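Engineer: Provided herewith is a single structure, encoded as structure tokens, for subsequent inquiry.
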Amino acid sequence: MSNEAKAFIAPRASHVARHAADKSPSRVTRHALPYFPGCALKDQARGFERAAQAAMERLGYELAELPRWNCCGTVYSLSSDDLMRHVAPVRNFIRVQELGERRLVTLCAMCYNTLRRSARFVSTDPERLQRINAFMDEEPDYAGGVEVLHLLQLLRDEIGYEEIEARVERPLYGLKVAPYYGCMLLRPREVGIDDPDRPETMELLFEYLGAEAVDSPHKVECCGAYQTVANPEIARERVLEIVGAAARRGADLIVTSCPLCTYNLEHHQLSVPGDASHVTGDKSSTRHALPVTRHVIPILYFTQLLAFALGAPGEELGFEQAAVDPRPVLAQRVGG
Amino acid sequence: MGQEIMERIREANEAVITGIDDADIKHWVTIYIMGKAYRVPADITLMQAIEYAGYRFVRGAGCRAGFCGACATVYRVAGDWRLKAALACQTRVEDGMFLVQIPFAPAEKPTYDIETEPAEGSVLLKYFPELARCVACNTCTKACPQELEVMDYIQAALRGDLEAVTELSFDCIQCGLCSIRCPAEIVHYHAAQLARRLYGKSLPVPKHVEERVREVEEGKYGEEFERLMSLSREEIEELYKKEQREKGGLGSRDASRVTRNGQGEG
Ligand code: SF4
Ligand code: SF4
Ligand code: FES
């Protein structure tokens, strides 16, 4: 094993000692939270979930997977009379209700957005809910009132960053982290977890973990989302701006909360050929004819950075699916 | 033409009720087959009732034992708005039933080479991208005569969980009723079959299967097979009837008709 790798796996001894001392019995109690994984976290983004479980365990919480959950529907339907699109979210809320719980925690920004907006959609108009309940005649009626939370909200508002800081075993000193929010965590405003223009939820979290948060004007912009399928050039252009802005500000890592953002950021930054400067896009359009630098910045989920800082061992961090391995830069900046 | 059909219905009725006097049947119900009313004994299956009414199966009947999925039937019962689904061979008639058989579900079955596909969940979406259209309405589950959690296996397929699809869909008999009803136009049973194949591929071959394959290859069953293959049609029919008689039950009465009709017009 290389020294680099060893440093990566071993948490800092001083921190281990400090926190071993203050683990009073009351802190060991586990709060189980109904948790909605979403499809991507069971397939393309397994590390997102794996690391979340590891981090939450270290914070005294258990993410208890919702029994018989179904896909959230992925994209929130904007048509106000398309009730069918809300059957999937509501069915999940019924599962929460059946547990006698009121809250549902998500990790994926897309699931968060769809579920939270659907919860609003049905709660603001009892007639809609009544029609959906009548359609789902094989289920108990959904009474309303389930609150959909993103894990970042729980970390910030319930657990608290100071409590998290106290449990850091590998402080991220020297690491420059660029948060990337994209759309789904922030818009529309009614469901956003933070100010849609000037969010600081992730910045503060990373700073409490010891890292330096790199600010970038592109952190709240769209990654191109599903355009990546039909019009990949649009997504590519978006991504190269986002990644380029973070890189110019010295970011070692970019952190997201969305498997689709992660896919786009990874895929399109790597689509730039190896030789540093290169002209991209349609040659007939001057707008696209810009020299592009190839960046190779690891894209992480916030749970992976959190679990790493909390001292989770390598196999719990779920880096296997990362297109750019974050371990070298983590070992270089933090390890030792 | 009409005359001829009526003649056939009469003939068929005779065959079904051979040995039973209508006077001995205490309970009767009225069912509607494709809109036409028939009075039939109350304690028989839909399949027997359809035959009792004079129809002869050239499709829509196979094993007559709830295994083959050929006898998919949809129905309503008077006074209930629900559209129900059932296997005709496994469901007893109810008074006031309106029914029709759906012996075949038009469904595209993509071609794949199971040997070259990796045992990974993403393969399901590659061949069945429409899985992502599921709106979780649960209509498929309500339609399934096997009482499977069909929506749950579609949801498991969506997230690439081959093991869960295998477990949840294991008793699927490919009747197609779920796929006829799905608003997302998913072909559940073909997708589930691919999942089971992929999952099966990822498991070690069980000892008993290896053993049986070896026996077959060594010719253990060859002789019996040869004997069956050499029998005449009459001899096979006789064998079948004998077996049905040994099992007892209604099957014995229908036995000759199954083979005769299966051949006739199919
Ligand atoms: S899952 Fe579909 S095809 Fe299979 S038995 Fe049930 S209804 Fe029939
Ligand atoms: S019927 Fe189709 S859309 Fe409805 S739950 Fe089943 S698979 Fe999904
Ligand atoms: S005839 Fe085979 S299942 Fe009914």
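Just remember, in the structure tokens the first chain shown is A, the second B, etc., residues are 1-based per chain, and ligands are 1-based in the order shown.
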Quick one: residues within 6 Å of region 216-231 of chain A, only C-alpha atoms counted, chain neighbours fewer than 6 positions away excluded, as a VMD selection string?
Structural biologist: chain A and resid 180 to 183 238 to 239 242 261
Engineer: Generate a file of the selected residues that holds C-alpha atoms, formatted as a PDB file, in the first residue's frame.
Structural biologist:
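Generated file (out21.pdb):
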```pdb
ATOM      1  CA  TYR A 180     -22.486  22.780  -7.054  1.00  0.00           C
ATOM      2  CA  TYR A 181     -26.203  23.155  -6.333  1.00  0.00           C
ATOM      3  CA  GLY A 182     -27.663  23.075  -9.815  1.00  0.00           C
ATOM      4  CA  CYS A 183     -31.407  23.678 -10.060  1.00  0.00           C
ATOM      5  CA  ARG A 238     -22.958  24.332 -19.548  1.00  0.00           C
ATOM      6  CA  VAL A 239     -20.621  21.862 -17.886  1.00  0.00           C
ATOM      7  CA  ILE A 242     -19.289  25.275 -14.495  1.00  0.00           C
ATOM      8  CA  CYS A 261     -25.552  16.673 -12.364  1.00  0.00           C
TER       9      CYS A 261
END
```
Engineer: Between chain B and ligand 2, at 8 Å or less, what are the per-residue closest atom pairs and their distances in Å? Count only C-alpha atoms and all ligand atoms, order by chain and rising residue number, and return it as JSON lines.
Structural biologist:
```
{"residue": "B:Leu131", "atom": "CA", "partner": "ligand 2", "partner_atom_place_in_ligand_line": "7 (S)", "distance": 7.2}
{"residue": "B:Arg133", "atom": "CA", "partner": "ligand 2", "partner_atom_place_in_ligand_line": "3 (S)", "distance": 6.6}
{"residue": "B:Cys134", "atom": "CA", "partner": "ligand 2", "partner_atom_place_in_ligand_line": "8 (Fe)", "distance": 3.6}
{"residue": "B:Val135", "atom": "CA", "partner": "ligand 2", "partner_atom_place_in_ligand_line": "3 (S)", "distance": 4.5}
{"residue": "B:Ala136", "atom": "CA", "partner": "ligand 2", "partner_atom_place_in_ligand_line": "5 (S)", "distance": 3.8}
{"residue": "B:Cys137", "atom": "CA", "partner": "ligand 2", "partner_atom_place_in_ligand_line": "4 (Fe)", "distance": 3.9}
{"residue": "B:Asn138", "atom": "CA", "partner": "ligand 2", "partner_atom_place_in_ligand_line": "5 (S)", "distance": 3.7}
{"residue": "B:Thr139", "atom": "CA", "partner": "ligand 2", "partner_atom_place_in_ligand_line": "1 (S)", "distance": 4.2}
{"residue": "B:Cys140", "atom": "CA", "partner": "ligand 2", "partner_atom_place_in_ligand_line": "1 (S)", "distance": 4.0}
{"residue": "B:Thr141", "atom": "CA", "partner": "ligand 2", "partner_atom_place_in_ligand_line": "6 (Fe)", "distance": 6.5}
{"residue": "B:Val150", "atom": "CA", "partner": "ligand 2", "partner_atom_place_in_ligand_line": "6 (Fe)", "distance": 6.5}
{"residue": "B:Met151", "atom": "CA", "partner": "ligand 2", "partner_atom_place_in_ligand_line": "5 (S)", "distance": 4.5}
{"residue": "B:Asp152", "atom": "CA", "partner": "ligand 2", "partner_atom_place_in_ligand_line": "5 (S)", "distance": 7.9}
{"residue": "B:Ile154", "atom": "CA", "partner": "ligand 2", "partner_atom_place_in_ligand_line": "7 (S)", "distance": 5.8}
{"residue": "B:Gln155", "atom": "CA", "partner": "ligand 2", "partner_atom_place_in_ligand_line": "8 (Fe)", "distance": 7.7}
{"residue": "B:Cys178", "atom": "CA", "partner": "ligand 2", "partner_atom_place_in_ligand_line": "1 (S)", "distance": 6.5}
{"residue": "B:Ser179", "atom": "CA", "partner": "ligand 2", "partner_atom_place_in_ligand_line": "1 (S)", "distance": 7.2}
{"residue": "B:Arg181", "atom": "CA", "partner": "ligand 2", "partner_atom_place_in_ligand_line": "1 (S)", "distance": 6.2}
{"residue": "B:Cys182", "atom": "CA", "partner": "ligand 2", "partner_atom_place_in_ligand_line": "1 (S)", "distance": 3.6}
{"residue": "B:Pro183", "atom": "CA", "partner": "ligand 2", "partner_atom_place_in_ligand_line": "3 (S)", "distance": 5.3}
{"residue": "B:Ala184", "atom": "CA", "partner": "ligand 2", "partner_atom_place_in_ligand_line": "3 (S)", "distance": 4.6}
{"residue": "B:Glu185", "atom": "CA", "partner": "ligand 2", "partner_atom_place_in_ligand_line": "2 (Fe)", "distance": 6.4}
{"residue": "B:Ile186", "atom": "CA", "partner": "ligand 2", "partner_atom_place_in_ligand_line": "2 (Fe)", "distance": 5.8}
{"residue": "B:His188", "atom": "CA", "partner": "ligand 2", "partner_atom_place_in_ligand_line": "7 (S)", "distance": 6.8}
```
Engineer: Output C-alpha atoms for every residue in that selection, as a PDB file, in the first residue's frame.
Structural biologist:
```pdb
ATOM      1  CA  LEU B 131     -40.091   0.849 -17.760  1.00  0.00           C
ATOM      2  CA  ARG B 133     -42.775   5.443 -17.920  1.00  0.00           C
ATOM      3  CA  CYS B 134     -44.334   3.704 -14.905  1.00  0.00           C
ATOM      4  CA  VAL B 135     -46.508   6.150 -12.964  1.00  0.00           C
ATOM      5  CA  ALA B 136     -47.002   3.787 -10.021  1.00  0.00           C
ATOM      6  CA  CYS B 137     -50.748   3.505 -10.622  1.00  0.00           C
ATOM      7  CA  ASN B 138     -50.715  -0.127  -9.460  1.00  0.00           C
ATOM      8  CA  THR B 139     -53.223  -1.184 -12.133  1.00  0.00           C
ATOM      9  CA  CYS B 140     -50.968  -4.076 -13.123  1.00  0.00           C
ATOM     10  CA  THR B 141     -51.010  -5.433  -9.584  1.00  0.00           C
ATOM     11  CA  VAL B 150     -46.480  -6.484 -10.239  1.00  0.00           C
ATOM     12  CA  MET B 151     -45.911  -2.762  -9.712  1.00  0.00           C
ATOM     13  CA  ASP B 152     -43.287  -3.545  -7.101  1.00  0.00           C
ATOM     14  CA  ILE B 154     -41.547  -3.047 -12.206  1.00  0.00           C
ATOM     15  CA  GLN B 155     -40.244  -0.558  -9.655  1.00  0.00           C
ATOM     16  CA  CYS B 178     -50.990  -6.646 -16.542  1.00  0.00           C
ATOM     17  CA  SER B 179     -49.647  -5.447 -19.866  1.00  0.00           C
ATOM     18  CA  ARG B 181     -54.043  -2.704 -18.585  1.00  0.00           C
ATOM     19  CA  CYS B 182     -50.865  -0.670 -18.093  1.00  0.00           C
ATOM     20  CA  PRO B 183     -51.260   3.022 -18.987  1.00  0.00           C
ATOM     21  CA  ALA B 184     -47.502   3.232 -19.502  1.00  0.00           C
ATOM     22  CA  GLU B 185     -47.688   0.400 -22.062  1.00  0.00           C
ATOM     23  CA  ILE B 186     -45.045  -1.622 -20.303  1.00  0.00           C
ATOM     24  CA  HIS B 188     -44.152  -6.502 -17.611  1.00  0.00           C
TER      25      HIS B 188
END
```
Engineer: Can you tell me which residues come within 7 Å of ligand 1 when counting only C-alpha atoms and all ligand atoms, ideally as a ChimeraX atom specification?
Structural biologist: /B:69,140,143-148,150,169,171-179,188-189
Engineer: Go ahead and write the residues just picked, N, CA and C atoms, as a short mmCIF file (atom, residue, chain, number, x, y, z; two decimals), in the first residue's frame.
Structural biologist:
```cif
data_model
loop_
_atom_site.label_atom_id
_atom_site.label_comp_id
_atom_site.auth_asym_id
_atom_site.auth_seq_id
_atom_site.Cartn_x
_atom_site.Cartn_y
_atom_site.Cartn_z
N GLY B 69 -51.20 -19.76 -18.36
CA GLY B 69 -51.52 -18.36 -18.62
C GLY B 69 -52.26 -18.13 -19.91
N CYS B 140 -51.50 -2.75 -12.78
CA CYS B 140 -50.97 -4.08 -13.12
C CYS B 140 -51.16 -5.05 -11.97
N ALA B 143 -54.58 -6.29 -11.68
CA ALA B 143 -55.00 -7.18 -12.76
C ALA B 143 -54.44 -8.59 -12.62
N CYS B 144 -53.40 -8.74 -11.84
CA CYS B 144 -52.66 -10.02 -11.87
C CYS B 144 -53.42 -11.16 -11.22
N PRO B 145 -53.75 -12.21 -11.98
CA PRO B 145 -54.48 -13.34 -11.40
C PRO B 145 -53.60 -14.16 -10.46
N GLN B 146 -52.31 -13.99 -10.56
CA GLN B 146 -51.40 -14.69 -9.67
C GLN B 146 -51.19 -13.93 -8.36
N GLU B 147 -51.85 -12.80 -8.24
CA GLU B 147 -51.73 -11.95 -7.06
C GLU B 147 -50.29 -11.56 -6.77
N LEU B 148 -49.54 -11.28 -7.82
CA LEU B 148 -48.17 -10.81 -7.63
C LEU B 148 -48.18 -9.31 -7.39
N VAL B 150 -47.06 -6.77 -8.93
CA VAL B 150 -46.48 -6.48 -10.24
C VAL B 150 -45.81 -5.10 -10.25
N SER B 169 -41.44 -11.72 -9.18
CA SER B 169 -42.13 -12.14 -10.41
C SER B 169 -42.07 -13.64 -10.63
N ASP B 171 -43.64 -16.25 -9.81
CA ASP B 171 -44.84 -17.02 -10.14
C ASP B 171 -45.60 -16.47 -11.34
N CYS B 172 -44.98 -15.58 -12.08
CA CYS B 172 -45.65 -15.03 -13.27
C CYS B 172 -45.86 -16.12 -14.30
N ILE B 173 -47.08 -16.21 -14.84
CA ILE B 173 -47.37 -17.23 -15.85
C ILE B 173 -47.57 -16.58 -17.23
N GLN B 174 -47.13 -15.34 -17.37
CA GLN B 174 -47.10 -14.67 -18.67
C GLN B 174 -48.48 -14.57 -19.32
N CYS B 175 -49.49 -14.35 -18.51
CA CYS B 175 -50.84 -14.29 -19.07
C CYS B 175 -51.06 -12.98 -19.83
N GLY B 176 -50.30 -11.95 -19.49
CA GLY B 176 -50.38 -10.69 -20.22
C GLY B 176 -51.43 -9.71 -19.72
N LEU B 177 -52.18 -10.08 -18.70
CA LEU B 177 -53.26 -9.19 -18.24
C LEU B 177 -52.71 -7.85 -17.73
N CYS B 178 -51.57 -7.89 -17.05
CA CYS B 178 -50.99 -6.65 -16.54
C CYS B 178 -50.67 -5.71 -17.71
N SER B 179 -50.12 -6.27 -18.75
CA SER B 179 -49.65 -5.45 -19.87
C SER B 179 -50.79 -4.89 -20.70
N HIS B 188 -44.70 -6.08 -18.90
CA HIS B 188 -44.15 -6.50 -17.61
C HIS B 188 -43.48 -7.86 -17.67
N TYR B 189 -44.20 -8.83 -18.25
CA TYR B 189 -43.73 -10.21 -18.12
C TYR B 189 -42.46 -10.47 -18.93
#
```
Engineer: Please list as a PyMOL selection string every residue within 12 Å of region 116-127 of chain A, counting only C-alpha atoms and excluding residues in the same chain fewer than 5 positions away.
Structural biologist: chain A and resi 36+72-94+102-106+108-111+132-134+142-150+184-193
Engineer: Of the residues B:Ala132, B:Leu203, B:Cys68, B:Leu125, which is the one nearest to ligand 3, using only C-alpha atoms and all ligand atoms?
Structural biologist: B:Cys68
Engineer: Given only C-alpha atoms and all ligand atoms, how would the per-residue table for chain B near ligand 3 read, listing every residue at most 12 Å away with its closest atom pair and distance in Å to one decimal, sorted by chain and number, as a Markdown table?
Structural biologist:
```
| residue | atom | partner | partner_atom_place_in_ligand_line | distance |
| --- | --- | --- | --- | --- |
| B:Thr45 | CA | ligand 3 | 4 (Fe) | 10.2 |
| B:Leu46 | CA | ligand 3 | 4 (Fe) | 9.8 |
| B:Met47 | CA | ligand 3 | 4 (Fe) | 8.0 |
| B:Gln48 | CA | ligand 3 | 1 (S) | 10.9 |
| B:Phe57 | CA | ligand 3 | 1 (S) | 10.2 |
| B:Val58 | CA | ligand 3 | 1 (S) | 11.6 |
| B:Arg59 | CA | ligand 3 | 1 (S) | 9.6 |
| B:Gly60 | CA | ligand 3 | 1 (S) | 6.9 |
| B:Ala61 | CA | ligand 3 | 1 (S) | 4.2 |
| B:Gly62 | CA | ligand 3 | 1 (S) | 4.1 |
| B:Cys63 | CA | ligand 3 | 2 (Fe) | 3.9 |
| B:Arg64 | CA | ligand 3 | 1 (S) | 3.7 |
| B:Ala65 | CA | ligand 3 | 2 (Fe) | 5.4 |
| B:Gly66 | CA | ligand 3 | 3 (S) | 3.4 |
| B:Phe67 | CA | ligand 3 | 3 (S) | 4.5 |
| B:Cys68 | CA | ligand 3 | 2 (Fe) | 3.8 |
| B:Gly69 | CA | ligand 3 | 3 (S) | 4.0 |
| B:Ala70 | CA | ligand 3 | 2 (Fe) | 5.0 |
| B:Cys71 | CA | ligand 3 | 4 (Fe) | 4.4 |
| B:Ala72 | CA | ligand 3 | 4 (Fe) | 7.1 |
| B:Thr73 | CA | ligand 3 | 4 (Fe) | 9.4 |
| B:Ala86 | CA | ligand 3 | 4 (Fe) | 9.0 |
| B:Leu87 | CA | ligand 3 | 4 (Fe) | 5.3 |
| B:Ala88 | CA | ligand 3 | 4 (Fe) | 5.7 |
| B:Cys89 | CA | ligand 3 | 4 (Fe) | 4.3 |
| B:Gln90 | CA | ligand 3 | 4 (Fe) | 6.4 |
| B:Thr91 | CA | ligand 3 | 4 (Fe) | 9.2 |
| B:Gln101 | CA | ligand 3 | 4 (Fe) | 10.9 |
| B:Ile102 | CA | ligand 3 | 4 (Fe) | 11.6 |
| B:Pro103 | CA | ligand 3 | 1 (S) | 9.9 |
| B:Pro145 | CA | ligand 3 | 3 (S) | 9.6 |
| B:Gln146 | CA | ligand 3 | 3 (S) | 10.0 |
| B:Asp171 | CA | ligand 3 | 3 (S) | 11.9 |
| B:Cys172 | CA | ligand 3 | 3 (S) | 10.8 |
| B:Ile173 | CA | ligand 3 | 3 (S) | 7.6 |
| B:Gln174 | CA | ligand 3 | 3 (S) | 9.5 |
| B:Cys175 | CA | ligand 3 | 3 (S) | 7.8 |
| B:Gly176 | CA | ligand 3 | 3 (S) | 11.5 |
| B:Val258 | CA | ligand 3 | 1 (S) | 10.6 |
```
Engineer: Using only N, CA and C atoms, please write the residues we just selected to a file, as a CSV table (one decimal), in the first residue's frame.
Structural biologist:
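File produced: out07.csv:
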```
chain,number,residue,atom,x,y,z
B,45,THR,N,-66.1,-23.7,-13.4
B,45,THR,CA,-65.1,-22.6,-13.7
B,45,THR,C,-65.6,-21.8,-14.9
B,46,LEU,N,-65.0,-20.7,-15.1
B,46,LEU,CA,-65.4,-19.9,-16.3
B,46,LEU,C,-65.1,-20.7,-17.5
B,47,MET,N,-64.0,-21.4,-17.5
B,47,MET,CA,-63.6,-22.2,-18.7
B,47,MET,C,-64.7,-23.3,-19.0
B,48,GLN,N,-65.1,-23.9,-17.9
B,48,GLN,CA,-66.2,-25.0,-18.1
B,48,GLN,C,-67.5,-24.3,-18.6
B,57,PHE,N,-62.8,-24.2,-27.4
B,57,PHE,CA,-61.6,-23.4,-27.4
B,57,PHE,C,-60.6,-23.8,-28.5
B,58,VAL,N,-60.2,-22.9,-29.3
B,58,VAL,CA,-59.1,-23.1,-30.2
B,58,VAL,C,-57.9,-22.3,-29.8
B,59,ARG,N,-58.2,-21.2,-29.0
B,59,ARG,CA,-57.2,-20.5,-28.3
B,59,ARG,C,-57.7,-20.3,-26.9
B,60,GLY,N,-56.9,-19.7,-26.0
B,60,GLY,CA,-57.5,-19.3,-24.7
B,60,GLY,C,-57.6,-20.4,-23.7
B,61,ALA,N,-57.1,-21.6,-24.0
B,61,ALA,CA,-57.1,-22.7,-23.1
B,61,ALA,C,-55.8,-23.5,-23.3
B,62,GLY,N,-55.2,-23.9,-22.3
B,62,GLY,CA,-54.0,-24.7,-22.4
B,62,GLY,C,-53.9,-25.8,-21.4
B,63,CYS,N,-53.3,-25.5,-20.3
B,63,CYS,CA,-53.0,-26.5,-19.2
B,63,CYS,C,-54.3,-26.8,-18.4
B,64,ARG,N,-55.3,-25.9,-18.4
B,64,ARG,CA,-56.5,-26.1,-17.6
B,64,ARG,C,-56.1,-26.3,-16.1
B,65,ALA,N,-55.0,-25.8,-15.7
B,65,ALA,CA,-54.6,-26.0,-14.3
B,65,ALA,C,-53.9,-24.8,-13.7
B,66,GLY,N,-54.1,-23.6,-14.3
B,66,GLY,CA,-53.5,-22.4,-13.7
B,66,GLY,C,-52.0,-22.2,-13.9
B,67,PHE,N,-51.4,-22.9,-14.9
B,67,PHE,CA,-50.0,-22.8,-15.0
B,67,PHE,C,-49.5,-22.1,-16.3
B,68,CYS,N,-50.4,-22.2,-17.3
B,68,CYS,CA,-49.9,-21.8,-18.6
B,68,CYS,C,-50.2,-20.3,-19.0
B,69,GLY,N,-51.2,-19.8,-18.4
B,69,GLY,CA,-51.5,-18.4,-18.6
B,69,GLY,C,-52.3,-18.1,-19.9
B,70,ALA,N,-52.8,-19.2,-20.5
B,70,ALA,CA,-53.4,-19.0,-21.8
B,70,ALA,C,-54.9,-18.5,-21.7
B,71,CYS,N,-55.5,-18.6,-20.5
B,71,CYS,CA,-56.9,-18.4,-20.4
B,71,CYS,C,-57.3,-17.0,-19.8
B,72,ALA,N,-56.4,-16.0,-20.0
B,72,ALA,CA,-56.7,-14.7,-19.4
B,72,ALA,C,-58.1,-14.2,-19.8
B,73,THR,N,-58.8,-13.7,-18.8
B,73,THR,CA,-60.2,-13.3,-19.0
B,73,THR,C,-60.4,-12.0,-18.2
B,86,ALA,N,-59.0,-12.5,-14.5
B,86,ALA,CA,-58.9,-13.8,-13.9
B,86,ALA,C,-58.4,-14.8,-14.9
B,87,LEU,N,-58.0,-16.0,-14.4
B,87,LEU,CA,-57.7,-17.1,-15.3
B,87,LEU,C,-59.0,-17.9,-15.4
B,88,ALA,N,-59.5,-18.1,-16.6
B,88,ALA,CA,-60.8,-18.8,-16.7
B,88,ALA,C,-60.8,-20.2,-16.1
B,89,CYS,N,-59.6,-20.9,-16.1
B,89,CYS,CA,-59.6,-22.2,-15.6
B,89,CYS,C,-59.6,-22.3,-14.1
B,90,GLN,N,-59.3,-21.1,-13.5
B,90,GLN,CA,-59.2,-21.1,-12.0
B,90,GLN,C,-60.2,-20.4,-11.3
B,91,THR,N,-61.2,-19.9,-12.0
B,91,THR,CA,-62.1,-18.9,-11.4
B,91,THR,C,-63.6,-19.5,-11.5
B,101,GLN,N,-62.7,-13.3,-23.1
B,101,GLN,CA,-61.3,-13.8,-23.0
B,101,GLN,C,-60.3,-12.9,-23.8
B,102,ILE,N,-59.1,-12.8,-23.3
B,102,ILE,CA,-58.1,-12.1,-24.0
B,102,ILE,C,-56.9,-13.1,-24.2
B,103,PRO,N,-57.1,-14.0,-25.2
B,103,PRO,CA,-56.1,-15.1,-25.2
B,103,PRO,C,-54.7,-14.7,-25.6
B,145,PRO,N,-53.7,-12.2,-12.0
B,145,PRO,CA,-54.5,-13.3,-11.4
B,145,PRO,C,-53.6,-14.2,-10.5
B,146,GLN,N,-52.3,-14.0,-10.6
B,146,GLN,CA,-51.4,-14.7,-9.7
B,146,GLN,C,-51.2,-13.9,-8.4
B,171,ASP,N,-43.6,-16.2,-9.8
B,171,ASP,CA,-44.8,-17.0,-10.1
B,171,ASP,C,-45.6,-16.5,-11.3
B,172,CYS,N,-45.0,-15.6,-12.1
B,172,CYS,CA,-45.6,-15.0,-13.3
B,172,CYS,C,-45.9,-16.1,-14.3
B,173,ILE,N,-47.1,-16.2,-14.8
B,173,ILE,CA,-47.4,-17.2,-15.9
B,173,ILE,C,-47.6,-16.6,-17.2
B,174,GLN,N,-47.1,-15.3,-17.4
B,174,GLN,CA,-47.1,-14.7,-18.7
B,174,GLN,C,-48.5,-14.6,-19.3
B,175,CYS,N,-49.5,-14.4,-18.5
B,175,CYS,CA,-50.8,-14.3,-19.1
B,175,CYS,C,-51.1,-13.0,-19.8
B,176,GLY,N,-50.3,-11.9,-19.5
B,176,GLY,CA,-50.4,-10.7,-20.2
B,176,GLY,C,-51.4,-9.7,-19.7
B,258,VAL,N,-60.4,-31.6,-25.1
B,258,VAL,CA,-59.2,-30.8,-25.2
B,258,VAL,C,-58.4,-31.1,-26.4
```
Engineer: Taking the DSSP assignment computed from this structure's backbone, write out as a list in words all residues of region 167-204 of chain A that belong to strand (DSSP E).
Structural biologist: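 Selection result, strand (DSSP E) within region 167-204 of chain A: Lys176, Val177, Ala178 and Pro179 of chain A.
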Engineer: Nearest to chain B: which of A:Glu200, A:Asp137, A:Glu98, A:Asp215 is it, counting only C-alpha atoms?
Structural biologist: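 Going through A:Glu200, A:Asp137, A:Glu98, A:Asp215 one by one, the smallest distance to chain B is for A:Asp137.
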Engineer: Between CA of Leu172 (chain A) and CA of Arg333 (chain A), measure the distance and give it in Å to one decimal.
Structural biologist: 7.7 Å
Engineer: Would you mind listing, as an mmCIF file with N, CA, C and O atoms, in the first residue's frame, all residues of chain A that have at least one atom within 6 Å of chain B, where only C-alpha atoms are what counts?
Structural biologist:
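Saved file out-v5.cif follows:
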```
data_model
loop_
_atom_site.group_PDB
_atom_site.id
_atom_site.type_symbol
_atom_site.label_atom_id
_atom_site.label_comp_id
_atom_site.auth_asym_id
_atom_site.auth_seq_id
_atom_site.Cartn_x
_atom_site.Cartn_y
_atom_site.Cartn_z
ATOM 1 N N CYS A 39 -34.204 5.748 -7.500
ATOM 2 C CA CYS A 39 -33.659 4.673 -8.342
ATOM 3 C C CYS A 39 -32.166 4.805 -8.588
ATOM 4 O O CYS A 39 -31.423 3.834 -8.536
ATOM 5 N N LYS A 42 -29.639 3.371 -6.278
ATOM 6 C CA LYS A 42 -29.530 1.921 -6.209
ATOM 7 C C LYS A 42 -28.749 1.374 -7.397
ATOM 8 O O LYS A 42 -28.550 0.175 -7.516
ATOM 9 N N ASN A 70 -41.605 3.569 -4.304
ATOM 10 C CA ASN A 70 -41.578 3.512 -5.768
ATOM 11 C C ASN A 70 -40.949 4.795 -6.311
ATOM 12 O O ASN A 70 -40.848 5.791 -5.603
ATOM 13 N N ALA A 88 -47.499 8.583 -7.917
ATOM 14 C CA ALA A 88 -46.252 7.957 -7.439
ATOM 15 C C ALA A 88 -45.742 8.619 -6.156
ATOM 16 O O ALA A 88 -45.478 7.922 -5.168
#
```
Engineer: Between A:Gly60, A:Pro34, A:Gly335, A:Pro232, which has the minimum distance to Glu163 (chain A) (counting only C-alpha atoms)?
Structural biologist: A:Gly60
Engineer: One decimal, in Å: what's the spacing between CA of Thr256 (chain A) and CA of Val243 (chain A)?
Structural biologist: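 About the pair CA of Thr256 (chain A) and CA of Val243 (chain A): they are 12.1 Å apart.
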Engineer: Select from region 4-158 of chain B everything DSSP, run on the backbone, classes as helix (DSSP H, G or I), then give the selection as a count of residues only.
Structural biologist: 51
Engineer: Within 6 Å of region 191-200 of chain B, counting only C-alpha atoms, which residues show up once you throw out same-chain ones fewer than 6 positions away? Write them as number ranges by chain, please.
Structural biologist: B: 119, 162, 166
Engineer: Keeping only N, CA, C and O atoms, take the residues you just selected and write them out as a CSV table (one decimal), in the first residue's frame.
Structural biologist:
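Result written to again.csv:
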```csv
chain,number,residue,atom,x,y,z
B,119,ALA,N,-24.9,-9.6,-16.2
B,119,ALA,CA,-25.9,-9.7,-15.2
B,119,ALA,C,-26.1,-8.4,-14.4
B,119,ALA,O,-25.8,-8.4,-13.2
B,162,LEU,N,-32.1,-6.9,-9.8
B,162,LEU,CA,-32.5,-8.1,-10.5
B,162,LEU,C,-33.0,-9.2,-9.5
B,162,LEU,O,-33.9,-9.9,-9.8
B,166,THR,N,-36.7,-10.9,-9.6
B,166,THR,CA,-36.8,-12.4,-9.7
B,166,THR,C,-37.7,-12.9,-8.6
B,166,THR,O,-38.6,-13.7,-8.9
```
Engineer: Do you have the CA of Ile164 (chain A)-CA of Gln53 (chain A) distance handy?
Structural biologist: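 For CA of Ile164 (chain A) relative to CA of Gln53 (chain A), the distance reads 14.8 Å.
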Engineer: Would you list the contacts of Leu240 (chain A) as a VMD selection string, taking every protein, DNA or RNA residue within 9 Å and counting only C-alpha atoms, but skipping same-chain residues closer than 5 positions in sequence?
Structural biologist: chain A and resid 235 245 265 268 to 269 272 292 to 295
